[in-house]
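Dumped run-v3.cif below, it's mmCIF, C-alpha atoms:
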```
data_my_file
loop_
_atom_site.group_PDB
_atom_site.id
_atom_site.type_symbol
_atom_site.label_atom_id
_atom_site.label_comp_id
_atom_site.auth_asym_id
_atom_site.auth_seq_id
_atom_site.Cartn_x
_atom_site.Cartn_y
_atom_site.Cartn_z
ATOM 1 C CA MET A 1174 -133.549 -64.568 21.039
ATOM 2 C CA PRO A 1175 -136.955 -63.102 21.896
ATOM 3 C CA GLN A 1176 -139.565 -62.852 19.180
ATOM 4 C CA ILE A 1177 -140.941 -59.309 18.816
ATOM 5 C CA ARG A 1178 -143.941 -58.657 16.578
ATOM 6 C CA PRO A 1179 -146.070 -55.567 15.850
ATOM 7 C CA ILE A 1180 -149.647 -55.565 17.059
ATOM 8 C CA THR A 1181 -150.903 -55.637 13.467
ATOM 9 C CA ASP A 1182 -149.586 -59.221 13.199
ATOM 10 C CA LEU A 1183 -152.347 -60.275 15.604
ATOM 11 C CA ARG A 1184 -154.789 -60.044 12.680
ATOM 12 C CA ASN A 1185 -153.383 -63.336 11.413
ATOM 13 C CA THR A 1186 -154.467 -65.437 14.371
ATOM 14 C CA SER A 1187 -153.483 -68.820 12.950
ATOM 15 C CA GLU A 1188 -149.911 -67.656 12.230
ATOM 16 C CA ILE A 1189 -149.567 -66.167 15.720
ATOM 17 C CA SER A 1190 -150.993 -69.336 17.280
ATOM 18 C CA GLU A 1191 -148.513 -71.495 15.364
ATOM 19 C CA LEU A 1192 -145.678 -69.182 16.392
ATOM 20 C CA CYS A 1193 -146.705 -69.388 20.053
ATOM 21 C CA HIS A 1194 -146.834 -73.179 19.939
ATOM 22 C CA SER A 1195 -143.521 -73.526 18.116
ATOM 23 C CA ARG A 1196 -141.610 -71.521 20.747
ATOM 24 C CA THR A 1197 -140.990 -72.169 24.416
ATOM 25 C CA GLU A 1198 -140.806 -68.501 25.313
ATOM 26 C CA PRO A 1199 -143.252 -65.601 25.220
ATOM 27 C CA ILE A 1200 -143.733 -63.404 22.150
ATOM 28 C CA PHE A 1201 -143.545 -59.660 22.715
ATOM 29 C CA ILE A 1202 -146.121 -57.489 20.946
ATOM 30 C CA THR A 1203 -145.346 -53.840 20.216
ATOM 31 C CA LYS A 1204 -147.690 -50.940 19.552
ATOM 32 C CA ASN A 1205 -146.286 -47.818 17.891
ATOM 33 C CA GLY A 1206 -142.792 -49.203 18.463
ATOM 34 C CA TYR A 1207 -143.195 -49.706 22.213
ATOM 35 C CA GLY A 1208 -143.794 -52.852 24.228
ATOM 36 C CA ASP A 1209 -147.509 -53.446 24.757
ATOM 37 C CA MET A 1210 -148.282 -57.126 25.438
ATOM 38 C CA VAL A 1211 -146.789 -60.558 25.857
ATOM 39 C CA ILE A 1212 -148.468 -63.690 24.492
ATOM 40 C CA MET A 1213 -147.592 -67.361 24.847
ATOM 41 C CA SER A 1214 -149.051 -70.829 24.507
ATOM 42 C CA MET A 1215 -150.867 -72.420 27.431
ATOM 43 C CA GLU A 1216 -148.033 -74.943 27.761
ATOM 44 C CA THR A 1217 -145.460 -72.160 28.090
ATOM 45 C CA TYR A 1218 -147.655 -70.308 30.575
ATOM 46 C CA GLU A 1219 -148.202 -73.403 32.728
ATOM 47 C CA ARG A 1220 -144.479 -74.208 32.687
ATOM 48 C CA ASN A 1221 -143.633 -70.632 33.725
ATOM 49 C CA VAL A 1222 -146.191 -70.713 36.557
ATOM 50 C CA ALA A 1223 -144.826 -74.062 37.770
ATOM 51 C CA MET A 1224 -141.257 -72.742 37.710
ATOM 52 C CA ALA A 1225 -142.294 -69.605 39.629
ATOM 53 C CA ASP A 1226 -143.916 -71.860 42.247
ATOM 54 C CA ILE A 1227 -140.728 -73.934 42.561
ATOM 55 C CA TYR A 1228 -138.576 -70.800 42.921
ATOM 56 C CA GLU A 1229 -140.909 -69.464 45.637
ATOM 57 C CA LYS A 1230 -140.718 -72.755 47.548
ATOM 58 C CA LEU A 1231 -136.922 -72.739 47.267
ATOM 59 C CA ALA A 1232 -136.825 -69.159 48.593
ATOM 60 C CA VAL A 1233 -138.982 -70.182 51.572
ATOM 61 C CA ALA A 1234 -136.719 -73.164 52.241
ATOM 62 C CA GLU A 1235 -133.600 -70.973 52.091
ATOM 63 C CA ARG A 1236 -135.157 -68.520 54.578
ATOM 64 C CA GLN A 1237 -136.013 -71.419 56.883
ATOM 65 C CA ILE A 1238 -132.412 -72.655 56.728
ATOM 66 C CA GLN A 1239 -131.090 -69.155 57.478
ATOM 67 C CA ASN A 1240 -133.468 -68.891 60.462
ATOM 68 C CA GLY A 1241 -132.429 -72.296 61.793
ATOM 69 C CA GLU A 1242 -135.843 -73.851 61.174
ATOM 70 C CA LEU A 1243 -134.477 -77.288 60.370
ATOM 71 C CA LEU A 1244 -136.164 -80.662 60.805
ATOM 72 C CA ASP A 1245 -134.440 -83.936 61.561
ATOM 73 C CA GLY A 1246 -134.948 -86.303 58.627
ATOM 74 C CA ASP A 1247 -135.301 -89.402 60.819
ATOM 75 C CA ASP A 1248 -138.041 -87.703 62.883
ATOM 76 C CA VAL A 1249 -139.915 -86.655 59.745
ATOM 77 C CA PHE A 1250 -139.841 -90.160 58.261
ATOM 78 C CA ALA A 1251 -140.861 -91.699 61.586
ATOM 79 C CA ARG A 1252 -143.893 -89.387 61.780
ATOM 80 C CA LEU A 1253 -144.827 -90.166 58.174
ATOM 81 C CA GLU A 1254 -144.569 -93.892 58.812
ATOM 82 C CA GLU A 1255 -146.637 -93.532 61.980
ATOM 83 C CA LYS A 1256 -149.294 -91.515 60.153
ATOM 84 C CA TYR A 1257 -149.513 -93.506 56.922
ATOM 85 C CA GLY A 1258 -147.914 -96.839 57.826
ATOM 86 C CA THR A 1259 -146.029 -98.901 55.299
#
```

What's the structure tokens form of this structure?
Amino acid sequence: MPQIRPITDLRNTSEISELCHSRTEPIFITKNGYGDMVIMSMETYERNVAMADIYEKLAVAERQIQNGELLDGDDVFARLEEKYGT
């Protein structure tokens, strides 16, 4: 369940920091009862950025499959072995 806190809670920085680090999801900050900001720990941010990158790469791969842009696995490994040798 998402954590929602009023903006006045940001005055207690150590409590907010602990809350951010104890959760693996963002914390939503409201102002006058409406959504205003989202805060999270660096670890959560980095994980979310990494997941977004993976999803983008998967979307590109799916488009390539739909467009018939396929590579033969044996050819790829042969080129890698030729380039880097083993």

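The nearest approach to Lys1204 in chain A among the residues A:Met1224, A:Ile1180, A:Ile1189, A:Ala1232, with all atoms listed in the file taken into account, belongs to A:Ile1180.
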
To test your reading of the syntax: which residues would the PyMOL selection byres ((chain A and resi 1175) around 8) return for the file shown? Reply as a list in words. Met1174, Gln1176, Ile1177, Glu1198, Pro1199, Ile1200 and Phe1201 of chain A

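Coordinates place CA of Arg1220 in chain A at a distance of 25.5 Å from CA of Asn1185 in chain A.
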
Extract, using all atoms listed in the file, all DNA, RNA and protein residues at most 12 Å from His1194 in chain A, discarding same-chain residues fewer than 5 positions from it, and format them as number ranges by chain. A: 1187-1189, 1199-1200, 1212-1218

Expressed in Å, the length from CA of Pro1179 in chain A to CA of Ile1202 in chain A is 5.4 Å

If the box runs along x, y and z of the file and leaves 5 Å on each side of range 1182-1187 of chain A, what are its centre and edge lengths in Å, one decimal, as JSON?
```
{"center_x": -152.2, "center_y": -64.0, "center_z": 13.5, "size_x": 15.2, "size_y": 19.6, "size_z": 14.2}
```

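The coordinates place CA of Leu1183 in chain A at 14.2 Å from CA of Gly1208 in chain A.
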